[in-house]
Each structure stands twice: as structure tokens, then as C-alpha cells.
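Colleague: There's a structure below that I have some questions on.
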Amino acid sequence: MIPIKNPKEAEKMRLACRVASDILDRVVAIIRPGITTKEVDEAAAEMMQEAGVKSAFLGYRIGHRVYPGNICISLNDEVIHGIASQRRIQYGDIVKLDIGVIREGWIGDTATTVPVGIIDERTERLLRVTERALERAIGMAHQGRRLGDISAEIEEEATRNQLNVVREFVGHGVGRKLHEEPQIPNYGKRGSGPRLKAGMTLAIEPMINLGTGAVRLLDDGWTACTADGMPSAHFEHTVLITNEEPEILTWRGKTQLK
Ligand code: MF3
Ligand code: CO
Ligand code: CO
């Protein structure tokens, strides 16, 4: 069963998502060479406290593992679920920031990839393609279409550009829980899967790699890295299906890339 949010619940989601995207915007702004990922995580935690929300990730369990960070911060070949540390961000890195907040019991989930200064040309293209894949996927998020239309759009944008999607991790429904039904793979078949209905809130999150789509888990039990050490990009929005255009609840008023 895919949860449907009524108009009052959708408004709660709107507010949670706005806090998540505002905080993401402000965290993006403090990224610079020399800052440690721990400092970034702590700054995000302060912003959450100040906004009266809680991290949706801190203490989150997958199996018996408990996530220790306030946000996910993943560099370069790290795909997702990177944990803050004393590591310093360097010029030329790409930094994936993923932020989830709980506001009055409702969750917003959003992510972006930030280039630090001038980055390698192929990596820059990877970021552009991944962001475009998200935008095109959102373009499929219409009532009456099927979930597979979203998935296929992402996969096709990647393969058209000789890039590879990550298959081990998926987008998801989001609401009172961080991960609700349905799972939203970044690959799939058009016209397949459940029909999209107004009131669904979906976290759509393409993860696309320059090299192989395969990932491996670091010894910390959380950080997923590309198997070949090549860069990975990740963009995510929480989107409300409506009777009209999809509503991007975590919109930040601009595209992430200059
Ligand atoms: N933010 C991830 C997502 O987009 C989930 C993070 S789970 C955590 O679904 F435990 F790592 F925080
Ligand atoms: Co996320
Ligand atoms: Co998500």
C-alpha cells in the first residue's frame, strides 16, 4: 500500500520539506576547501535545532546498524551514506549532501552534489546529467503515469550519456516514515509498476556513476563507494503528485549547478 496524503497532510509535508531544503541551501553555502565534514555535519545539526526539527537520519536503523550522523556527507567516489569525520574537503572534490528532517512527525528528504571549485570536466558532466535525470524523472511524476516511467527516465538519461546508474540503492515514498512504499529504482521499464496518484509523496534520487554502477560498502558499515573508485553523483527531491503539475516540495529556487 502506497500512502496517500490528504491536503492537510500534504501541507505538513510541504513545511517539513521547506525546512529540509532551506537547511540544505545553507549547508551548501558553507562548503569550502579546508572545512572538515564533521564541521559541516555539526553546522547542519545546529540549523536543525534552531529550526525546531530533528534529523531523520541520526539513529536511523538499517538491520542492526544505527546511523551516527546528522546528515549524510559523501565525497567523490562515495555514493551515499557517508559519515562525517575529521577529513577535510579539498579543492576539486565533489561533495554529496543528503539532508532529512522530521518536523511535527513529517519528513522531508533532499540531496545535492556540490562541486568544490573547478572540477574535472567529465565529473562536471556527470553532475549535470544526474541533475537533469532528476528533473526529467520529476517530469514523469504525474497522476496516471506509472512508477516505471520515473525509473526508466533516469536510466535512459544515464545510458544515453554513457553513464551508469547505481542499482543497489533506490528512491522511495516518504512521509511519516523516511522510507515508505514504493521503492523507486533508478532503472526500469516504462508503463510498468503501480499507477501514480495525487497525494503520493516520493523521494526521487538518481545516483549515477562515471564508471561502473557497482558499489562496495566501507568497513564503517554505512558508506557506499563505487567499486572502481570513480566519481558518483546524487541529487534528490521530495515530490508531491497532484492533479496537475508535480510539486517539488524541496525546491530551492534554482538549479544546483551554475
Ligand atoms: N537520505 C537517504 C535517502 O535518501 C537515507 C539515509 S539513511 C541513513 O533515502 F541512515 F543513512 F541516514
Ligand atoms: Co536523502
Ligand atoms: Co531518500
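Every chain in the C-alpha cells takes a letter, A first, then B, and so on in the order presented; its residues are numbered from 1, and the ligands are numbered from 1 following the presented order.
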Determine, using only C-alpha atoms and all ligand atoms, which residues of chain A have any atom at most 10 Å from an atom of ligand 3, and tabulate each with its shortest atom pair and distance in Å to one decimal place, rows ordered by chain and then rising number, as CSV.
Modeller:
```
residue,atom,partner,partner_atom_place_in_ligand_line,distance
A:Asp98,CA,ligand 3,1 (Co),8.0
A:Ile99,CA,ligand 3,1 (Co),8.7
A:Gly100,CA,ligand 3,1 (Co),7.9
A:Gly108,CA,ligand 3,1 (Co),8.8
A:Asp109,CA,ligand 3,1 (Co),5.5
A:Thr110,CA,ligand 3,1 (Co),6.7
A:Ala111,CA,ligand 3,1 (Co),7.9
A:Phe169,CA,ligand 3,1 (Co),9.5
A:Val170,CA,ligand 3,1 (Co),7.8
A:Gly171,CA,ligand 3,1 (Co),5.6
A:His172,CA,ligand 3,1 (Co),6.2
A:Gly173,CA,ligand 3,1 (Co),8.3
A:Val174,CA,ligand 3,1 (Co),7.7
A:Leu178,CA,ligand 3,1 (Co),7.3
A:His179,CA,ligand 3,1 (Co),7.3
A:Ile184,CA,ligand 3,1 (Co),9.8
A:Leu202,CA,ligand 3,1 (Co),8.7
A:Ala203,CA,ligand 3,1 (Co),5.2
A:Ile204,CA,ligand 3,1 (Co),7.0
A:Glu205,CA,ligand 3,1 (Co),6.4
A:Pro206,CA,ligand 3,1 (Co),9.8
A:Phe235,CA,ligand 3,1 (Co),9.6
A:Glu236,CA,ligand 3,1 (Co),6.8
A:His237,CA,ligand 3,1 (Co),8.0
A:Thr238,CA,ligand 3,1 (Co),8.0
```
Colleague: Those selected residues, please, written with N, CA and C atoms and delivered as a PDB file, in the first residue's frame.
Modeller:
```
ATOM      1  N   ASP A  98      23.171  15.040   1.825  1.00  0.00           N
ATOM      2  CA  ASP A  98      21.807  14.498   1.872  1.00  0.00           C
ATOM      3  C   ASP A  98      21.227  14.838   3.235  1.00  0.00           C
ATOM      4  N   ILE A  99      20.099  15.540   3.217  1.00  0.00           N
ATOM      5  CA  ILE A  99      19.509  16.047   4.462  1.00  0.00           C
ATOM      6  C   ILE A  99      18.060  15.591   4.581  1.00  0.00           C
ATOM      7  N   GLY A 100      17.754  15.001   5.732  1.00  0.00           N
ATOM      8  CA  GLY A 100      16.377  14.612   6.042  1.00  0.00           C
ATOM      9  C   GLY A 100      16.009  15.172   7.404  1.00  0.00           C
ATOM     10  N   GLY A 108      10.964  15.458   5.391  1.00  0.00           N
ATOM     11  CA  GLY A 108      11.424  15.934   4.083  1.00  0.00           C
ATOM     12  C   GLY A 108      12.822  15.401   3.843  1.00  0.00           C
ATOM     13  N   ASP A 109      13.127  15.021   2.602  1.00  0.00           N
ATOM     14  CA  ASP A 109      14.393  14.344   2.267  1.00  0.00           C
ATOM     15  C   ASP A 109      14.903  14.927   0.955  1.00  0.00           C
ATOM     16  N   THR A 110      16.123  15.466   0.972  1.00  0.00           N
ATOM     17  CA  THR A 110      16.634  16.111  -0.247  1.00  0.00           C
ATOM     18  C   THR A 110      18.159  16.080  -0.267  1.00  0.00           C
ATOM     19  N   ALA A 111      18.715  16.009  -1.460  1.00  0.00           N
ATOM     20  CA  ALA A 111      20.177  15.901  -1.581  1.00  0.00           C
ATOM     21  C   ALA A 111      20.665  16.623  -2.826  1.00  0.00           C
ATOM     22  N   PHE A 169      20.795   0.934  -4.517  1.00  0.00           N
ATOM     23  CA  PHE A 169      20.020   1.858  -3.692  1.00  0.00           C
ATOM     24  C   PHE A 169      18.928   2.496  -4.525  1.00  0.00           C
ATOM     25  N   VAL A 170      17.832   2.850  -3.884  1.00  0.00           N
ATOM     26  CA  VAL A 170      16.641   3.295  -4.610  1.00  0.00           C
ATOM     27  C   VAL A 170      16.031   4.537  -3.968  1.00  0.00           C
ATOM     28  N   GLY A 171      15.218   5.262  -4.738  1.00  0.00           N
ATOM     29  CA  GLY A 171      14.347   6.275  -4.160  1.00  0.00           C
ATOM     30  C   GLY A 171      13.192   5.575  -3.463  1.00  0.00           C
ATOM     31  N   HIS A 172      12.269   6.393  -2.917  1.00  0.00           N
ATOM     32  CA  HIS A 172      11.272   5.798  -2.005  1.00  0.00           C
ATOM     33  C   HIS A 172      10.132   6.772  -1.719  1.00  0.00           C
ATOM     34  N   GLY A 173       9.011   6.215  -1.294  1.00  0.00           N
ATOM     35  CA  GLY A 173       7.985   7.050  -0.705  1.00  0.00           C
ATOM     36  C   GLY A 173       8.511   7.619   0.597  1.00  0.00           C
ATOM     37  N   VAL A 174       8.005   8.809   0.969  1.00  0.00           N
ATOM     38  CA  VAL A 174       8.444   9.443   2.221  1.00  0.00           C
ATOM     39  C   VAL A 174       7.242  10.148   2.835  1.00  0.00           C
ATOM     40  N   LEU A 178      10.749   7.707   6.979  1.00  0.00           N
ATOM     41  CA  LEU A 178      11.734   8.099   5.961  1.00  0.00           C
ATOM     42  C   LEU A 178      11.604   7.223   4.709  1.00  0.00           C
ATOM     43  N   HIS A 179      11.460   5.941   4.926  1.00  0.00           N
ATOM     44  CA  HIS A 179      11.349   5.026   3.784  1.00  0.00           C
ATOM     45  C   HIS A 179      10.012   4.310   3.815  1.00  0.00           C
ATOM     46  N   ILE A 184      11.691   3.148  -5.422  1.00  0.00           N
ATOM     47  CA  ILE A 184      11.804   3.770  -6.754  1.00  0.00           C
ATOM     48  C   ILE A 184      13.196   3.521  -7.321  1.00  0.00           C
ATOM     49  N   LEU A 202       6.933  11.323  -3.024  1.00  0.00           N
ATOM     50  CA  LEU A 202       8.016  10.443  -3.458  1.00  0.00           C
ATOM     51  C   LEU A 202       9.364  11.151  -3.365  1.00  0.00           C
ATOM     52  N   ALA A 203      10.344  10.446  -2.790  1.00  0.00           N
ATOM     53  CA  ALA A 203      11.737  10.928  -2.815  1.00  0.00           C
ATOM     54  C   ALA A 203      12.398  10.266  -4.017  1.00  0.00           C
ATOM     55  N   ILE A 204      12.627  11.092  -5.035  1.00  0.00           N
ATOM     56  CA  ILE A 204      13.243  10.608  -6.280  1.00  0.00           C
ATOM     57  C   ILE A 204      14.721  10.962  -6.209  1.00  0.00           C
ATOM     58  N   GLU A 205      15.591   9.978  -6.374  1.00  0.00           N
ATOM     59  CA  GLU A 205      17.002  10.251  -6.116  1.00  0.00           C
ATOM     60  C   GLU A 205      17.967   9.460  -6.988  1.00  0.00           C
ATOM     61  N   PRO A 206      18.186   9.955  -8.228  1.00  0.00           N
ATOM     62  CA  PRO A 206      19.172   9.304  -9.084  1.00  0.00           C
ATOM     63  C   PRO A 206      20.575   9.317  -8.463  1.00  0.00           C
ATOM     64  N   PHE A 235      21.423  13.435  -6.693  1.00  0.00           N
ATOM     65  CA  PHE A 235      20.507  14.569  -6.487  1.00  0.00           C
ATOM     66  C   PHE A 235      19.175  13.993  -6.056  1.00  0.00           C
ATOM     67  N   GLU A 236      18.488  14.668  -5.139  1.00  0.00           N
ATOM     68  CA  GLU A 236      17.225  14.134  -4.614  1.00  0.00           C
ATOM     69  C   GLU A 236      16.239  15.249  -4.278  1.00  0.00           C
ATOM     70  N   HIS A 237      14.980  15.027  -4.694  1.00  0.00           N
ATOM     71  CA  HIS A 237      13.888  15.897  -4.270  1.00  0.00           C
ATOM     72  C   HIS A 237      12.742  15.052  -3.738  1.00  0.00           C
ATOM     73  N   THR A 238      12.031  15.620  -2.774  1.00  0.00           N
ATOM     74  CA  THR A 238      10.741  15.059  -2.369  1.00  0.00           C
ATOM     75  C   THR A 238       9.659  15.757  -3.191  1.00  0.00           C
TER      76      THR A 238
END
```
Colleague: Taking 3 positions as the minimum chain separation for residues in the same chain, which residues sit within 6 Å of Arg14 in chain A when counting only C-alpha atoms? Answer as a ChimeraX atom specification.
Modeller: /A:11,17,249
Colleague: Keeping only C-alpha atoms, write the selected residues to a file as a PDB file, in the first residue's frame.
Modeller:
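Writing the result to again-v6.pdb gives the following:
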```
ATOM      1  CA  GLU A  11       0.697  20.801   3.902  1.00  0.00           C
ATOM      2  CA  CYS A  17      10.358  19.759   3.094  1.00  0.00           C
ATOM      3  CA  LEU A 249       8.392  20.145  -2.109  1.00  0.00           C
TER       4      LEU A 249
END
```
Colleague: Quick one: residues within 12 Å of Val28 in chain A, only C-alpha atoms counted, chain neighbours fewer than 3 positions away excluded, as a PyMOL selection string?
Modeller: chain A and resi 21-25+31-32+40-41+43-44+73+94-99+111-116+252+256-257
Colleague: Could you pull out the strand (DSSP E) residues of range 8-254 of chain A from DSSP and send them as a short mmCIF file (atom, residue, chain, number, x, y, z; two decimals) with N, CA, C and O atoms, in the first residue's frame?
Modeller:
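The resulting file, states_27.cif, is shown below:
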```cif
data_model
loop_
_atom_site.label_atom_id
_atom_site.label_comp_id
_atom_site.auth_asym_id
_atom_site.auth_seq_id
_atom_site.Cartn_x
_atom_site.Cartn_y
_atom_site.Cartn_z
N LYS A 54 14.16 17.72 13.83
CA LYS A 54 15.15 16.68 14.17
C LYS A 54 15.68 16.06 12.89
O LYS A 54 14.97 16.01 11.87
N SER A 55 16.91 15.55 12.97
CA SER A 55 17.45 14.79 11.85
C SER A 55 16.65 13.50 11.66
O SER A 55 16.37 12.80 12.63
N ARG A 61 17.90 3.12 11.72
CA ARG A 61 18.39 1.74 11.69
C ARG A 61 18.16 1.09 10.36
O ARG A 61 17.07 1.17 9.80
N ILE A 62 19.20 0.45 9.85
CA ILE A 62 19.02 -0.47 8.72
C ILE A 62 19.59 -1.80 9.21
O ILE A 62 20.78 -1.91 9.48
N ARG A 65 22.27 -1.93 12.24
CA ARG A 65 23.18 -0.79 12.23
C ARG A 65 22.42 0.51 12.50
O ARG A 65 21.30 0.68 12.04
N VAL A 66 23.06 1.39 13.26
CA VAL A 66 22.44 2.65 13.64
C VAL A 66 23.25 3.79 13.04
O VAL A 66 24.46 3.88 13.27
N CYS A 72 24.01 13.00 5.74
CA CYS A 72 24.94 12.14 5.02
C CYS A 72 25.84 13.04 4.19
O CYS A 72 25.36 13.94 3.49
N ILE A 73 27.14 12.80 4.28
CA ILE A 73 28.09 13.62 3.54
C ILE A 73 29.11 12.69 2.89
O ILE A 73 29.85 11.99 3.58
N SER A 74 29.08 12.64 1.58
CA SER A 74 29.82 11.62 0.82
C SER A 74 30.67 12.31 -0.24
O SER A 74 30.15 13.10 -1.03
N LEU A 75 31.97 12.03 -0.26
CA LEU A 75 32.89 12.70 -1.18
C LEU A 75 33.27 11.81 -2.37
O LEU A 75 33.49 10.62 -2.20
N GLU A 78 32.46 8.19 -3.04
CA GLU A 78 31.45 7.74 -2.09
C GLU A 78 30.08 8.08 -2.67
O GLU A 78 29.83 9.22 -3.06
N VAL A 79 29.19 7.11 -2.73
CA VAL A 79 27.91 7.28 -3.40
C VAL A 79 26.90 7.91 -2.44
O VAL A 79 26.34 8.97 -2.72
N ILE A 80 26.67 7.25 -1.33
CA ILE A 80 25.73 7.75 -0.32
C ILE A 80 26.12 7.24 1.07
O ILE A 80 26.99 6.38 1.21
N ILE A 94 34.00 16.61 -5.19
CA ILE A 94 32.55 16.78 -5.24
C ILE A 94 31.99 16.25 -3.92
O ILE A 94 32.42 15.22 -3.41
N VAL A 95 31.04 17.02 -3.37
CA VAL A 95 30.50 16.73 -2.04
C VAL A 95 29.01 16.46 -2.15
O VAL A 95 28.24 17.34 -2.56
N LYS A 96 28.61 15.23 -1.81
CA LYS A 96 27.20 14.91 -1.79
C LYS A 96 26.64 15.17 -0.41
O LYS A 96 27.15 14.63 0.58
N LEU A 97 25.64 16.03 -0.34
CA LEU A 97 24.98 16.36 0.92
C LEU A 97 23.56 15.85 0.86
O LEU A 97 22.82 16.17 -0.08
N ASP A 98 23.17 15.04 1.82
CA ASP A 98 21.81 14.50 1.87
C ASP A 98 21.23 14.84 3.24
O ASP A 98 21.82 14.51 4.26
N ILE A 99 20.10 15.54 3.22
CA ILE A 99 19.51 16.05 4.46
C ILE A 99 18.06 15.59 4.58
O ILE A 99 17.26 15.75 3.66
N GLY A 100 17.75 15.00 5.73
CA GLY A 100 16.38 14.61 6.04
C GLY A 100 16.01 15.17 7.40
O GLY A 100 16.80 15.06 8.35
N VAL A 101 14.85 15.81 7.48
CA VAL A 101 14.40 16.36 8.77
C VAL A 101 13.00 15.85 9.10
O VAL A 101 12.21 15.55 8.21
N ILE A 102 12.74 15.78 10.41
CA ILE A 102 11.40 15.45 10.89
C ILE A 102 10.82 16.71 11.53
O ILE A 102 11.40 17.25 12.47
N ARG A 103 9.69 17.18 10.99
CA ARG A 103 9.01 18.34 11.56
C ARG A 103 7.58 17.93 11.90
O ARG A 103 6.83 17.55 11.00
N TRP A 106 6.48 14.71 10.37
CA TRP A 106 6.54 14.52 8.91
C TRP A 106 7.94 14.79 8.40
O TRP A 106 8.65 15.66 8.93
N ILE A 107 8.33 14.07 7.35
CA ILE A 107 9.74 14.06 6.92
C ILE A 107 9.92 14.64 5.52
O ILE A 107 9.14 14.35 4.60
N GLY A 108 10.96 15.46 5.39
CA GLY A 108 11.42 15.93 4.08
C GLY A 108 12.82 15.40 3.84
O GLY A 108 13.62 15.34 4.78
N ASP A 109 13.13 15.02 2.60
CA ASP A 109 14.39 14.34 2.27
C ASP A 109 14.90 14.93 0.95
O ASP A 109 14.19 14.90 -0.06
N THR A 110 16.12 15.47 0.97
CA THR A 110 16.63 16.11 -0.25
C THR A 110 18.16 16.08 -0.27
O THR A 110 18.79 16.09 0.79
N ALA A 111 18.72 16.01 -1.46
CA ALA A 111 20.18 15.90 -1.58
C ALA A 111 20.67 16.62 -2.83
O ALA A 111 19.92 16.83 -3.79
N THR A 112 21.95 16.99 -2.77
CA THR A 112 22.58 17.59 -3.94
C THR A 112 24.05 17.23 -3.96
O THR A 112 24.60 16.72 -2.97
N THR A 113 24.70 17.49 -5.09
CA THR A 113 26.14 17.29 -5.21
C THR A 113 26.79 18.62 -5.52
O THR A 113 26.41 19.29 -6.48
N VAL A 114 27.74 19.02 -4.68
CA VAL A 114 28.38 20.33 -4.79
C VAL A 114 29.79 20.17 -5.33
O VAL A 114 30.60 19.45 -4.76
N PRO A 115 30.10 20.86 -6.45
CA PRO A 115 31.49 20.88 -6.91
C PRO A 115 32.27 21.90 -6.09
O PRO A 115 31.79 23.01 -5.87
N ASN A 164 26.41 5.18 -15.77
CA ASN A 164 25.75 4.01 -15.19
C ASN A 164 25.02 4.33 -13.89
O ASN A 164 25.57 5.00 -13.01
N VAL A 165 23.79 3.84 -13.78
CA VAL A 165 23.04 4.06 -12.55
C VAL A 165 23.46 3.03 -11.50
O VAL A 165 23.90 1.93 -11.83
N GLY A 171 15.22 5.26 -4.74
CA GLY A 171 14.35 6.28 -4.16
C GLY A 171 13.19 5.58 -3.46
O GLY A 171 13.11 4.35 -3.45
N HIS A 172 12.27 6.39 -2.92
CA HIS A 172 11.27 5.80 -2.00
C HIS A 172 10.13 6.77 -1.72
O HIS A 172 10.31 7.99 -1.83
N GLY A 173 9.01 6.22 -1.29
CA GLY A 173 7.98 7.05 -0.71
C GLY A 173 8.51 7.62 0.60
O GLY A 173 9.39 7.03 1.23
N GLU A 180 9.11 4.76 2.95
CA GLU A 180 7.79 4.14 2.80
C GLU A 180 7.73 3.46 1.44
O GLU A 180 8.60 3.66 0.59
N GLU A 181 6.65 2.76 1.19
CA GLU A 181 6.41 2.28 -0.16
C GLU A 181 6.08 3.48 -1.04
O GLU A 181 5.51 4.46 -0.55
N PRO A 182 6.39 3.43 -2.31
CA PRO A 182 7.06 2.35 -3.02
C PRO A 182 8.57 2.55 -3.05
O PRO A 182 9.06 3.64 -2.77
N GLN A 183 9.31 1.51 -3.39
CA GLN A 183 10.71 1.68 -3.76
C GLN A 183 10.75 2.25 -5.18
O GLN A 183 9.93 1.87 -6.01
N ILE A 184 11.69 3.15 -5.42
CA ILE A 184 11.80 3.77 -6.75
C ILE A 184 13.20 3.52 -7.32
O ILE A 184 14.11 4.33 -7.13
N THR A 201 3.74 11.12 -1.93
CA THR A 201 4.96 11.93 -1.81
C THR A 201 6.16 11.02 -1.99
O THR A 201 6.36 10.07 -1.24
N LEU A 202 6.93 11.32 -3.02
CA LEU A 202 8.02 10.44 -3.46
C LEU A 202 9.36 11.15 -3.36
O LEU A 202 9.50 12.29 -3.81
N ALA A 203 10.34 10.45 -2.79
CA ALA A 203 11.74 10.93 -2.81
C ALA A 203 12.40 10.27 -4.02
O ALA A 203 12.64 9.06 -4.03
N ILE A 204 12.63 11.09 -5.04
CA ILE A 204 13.24 10.61 -6.28
C ILE A 204 14.72 10.96 -6.21
O ILE A 204 15.06 12.13 -5.95
N MET A 207 21.22 8.15 -8.52
CA MET A 207 22.65 8.02 -8.17
C MET A 207 23.30 7.48 -9.42
O MET A 207 22.96 6.39 -9.89
N ILE A 208 24.22 8.26 -10.01
CA ILE A 208 24.80 7.90 -11.30
C ILE A 208 26.33 7.97 -11.21
O ILE A 208 26.87 8.89 -10.59
N ASN A 209 26.98 6.99 -11.83
CA ASN A 209 28.44 6.87 -11.75
C ASN A 209 29.11 7.09 -13.10
O ASN A 209 28.55 6.72 -14.14
N VAL A 215 28.73 -0.98 -6.48
CA VAL A 215 29.22 -0.32 -5.26
C VAL A 215 29.76 -1.35 -4.28
O VAL A 215 29.47 -2.54 -4.38
N ARG A 216 30.56 -0.87 -3.34
CA ARG A 216 31.02 -1.71 -2.23
C ARG A 216 30.84 -0.91 -0.95
O ARG A 216 30.83 0.33 -0.96
N LEU A 217 30.70 -1.62 0.15
CA LEU A 217 30.47 -0.98 1.45
C LEU A 217 31.80 -0.82 2.17
O LEU A 217 32.60 -1.75 2.22
N ALA A 224 28.71 3.77 1.13
CA ALA A 224 28.75 3.01 -0.12
C ALA A 224 29.65 3.75 -1.09
O ALA A 224 29.46 4.95 -1.33
N CYS A 225 30.66 3.06 -1.64
CA CYS A 225 31.60 3.64 -2.60
C CYS A 225 31.45 2.96 -3.95
O CYS A 225 31.01 1.81 -4.01
N THR A 226 31.85 3.63 -5.00
CA THR A 226 31.87 2.95 -6.30
C THR A 226 32.93 1.86 -6.25
O THR A 226 33.99 2.04 -5.64
N SER A 232 30.85 9.56 -8.27
CA SER A 232 29.42 9.29 -8.28
C SER A 232 28.67 10.57 -7.94
O SER A 232 29.14 11.36 -7.12
N ALA A 233 27.51 10.77 -8.56
CA ALA A 233 26.69 11.97 -8.28
C ALA A 233 25.32 11.55 -7.77
O ALA A 233 24.81 10.48 -8.12
N HIS A 234 24.72 12.43 -6.97
CA HIS A 234 23.42 12.13 -6.34
C HIS A 234 22.64 13.44 -6.17
O HIS A 234 23.17 14.41 -5.62
N HIS A 237 14.98 15.03 -4.69
CA HIS A 237 13.89 15.90 -4.27
C HIS A 237 12.74 15.05 -3.74
O HIS A 237 12.50 13.94 -4.23
N THR A 238 12.03 15.62 -2.77
CA THR A 238 10.74 15.06 -2.37
C THR A 238 9.66 15.76 -3.19
O THR A 238 9.60 16.99 -3.23
N VAL A 239 8.83 14.96 -3.85
CA VAL A 239 7.86 15.47 -4.83
C VAL A 239 6.46 15.00 -4.46
O VAL A 239 6.26 13.83 -4.12
N LEU A 240 5.49 15.93 -4.54
CA LEU A 240 4.08 15.59 -4.32
C LEU A 240 3.38 15.40 -5.66
O LEU A 240 3.44 16.30 -6.52
N GLU A 247 4.53 18.76 -7.67
CA GLU A 247 5.01 19.85 -6.81
C GLU A 247 6.31 19.42 -6.14
O GLU A 247 6.33 18.45 -5.38
N ILE A 248 7.39 20.13 -6.44
CA ILE A 248 8.70 19.78 -5.87
C ILE A 248 8.77 20.42 -4.49
O ILE A 248 9.02 21.62 -4.35
#
```
Colleague: Please, what distance in Å, to one decimal, runs between CA of Tyr187 in chain A and CA of Asn70 in chain A?
Modeller: 28.8 Å
Colleague: Restricting the calculation to only C-alpha atoms and all ligand atoms: of A:Ile30, A:Leu15, A:Ile71, A:Met47, which residue gets closest to ligand 2?
Modeller: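 Looking only at the distances to ligand 2, the closest residue turns out to be A:Ile71.
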Colleague: Would you kindly return, as number ranges by chain, each protein, DNA or RNA residue with an atom no farther than 9 Å from any atom of Glu153 in chain A, considering only C-alpha atoms and excluding same-chain residues fewer than 2 positions away?
Modeller: A: 133-134, 136-137, 140, 148-151, 155-158, 186-190
Colleague: Give the residues close to ligand 1, within 6 Å, counting only C-alpha atoms and all ligand atoms; write them as an mmCIF file with C-alpha atoms, in the first residue's frame.
Modeller:
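File written: selection.cif
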```cif
data_model
loop_
_atom_site.group_PDB
_atom_site.id
_atom_site.type_symbol
_atom_site.label_atom_id
_atom_site.label_comp_id
_atom_site.auth_asym_id
_atom_site.auth_seq_id
_atom_site.Cartn_x
_atom_site.Cartn_y
_atom_site.Cartn_z
ATOM 1 C CA PHE A 57 18.922 10.104 9.756
ATOM 2 C CA TYR A 60 18.120 5.522 11.786
ATOM 3 C CA TYR A 67 23.343 5.739 11.592
ATOM 4 C CA HIS A 81 25.528 7.345 3.477
ATOM 5 C CA ASP A 98 21.807 14.498 1.872
#
```
Colleague: Expressed in Å to a single decimal, how great is the separation between CA of Thr212 in chain A and CA of Gly193 in chain A?
Modeller: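 CA of Gly193 in chain A lies at a distance of 26.2 Å from CA of Thr212 in chain A.
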Colleague: Please determine, counting only C-alpha atoms and all ligand atoms, which residue among A:Asp219, A:Ala20, A:Ile2, A:Lys197 has the shortest atom-to-atom distance to ligand 2.
Modeller: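 Of A:Asp219, A:Ala20, A:Ile2, A:Lys197, the one nearest ligand 2 is A:Ala20, counting only C-alpha atoms and all ligand atoms.
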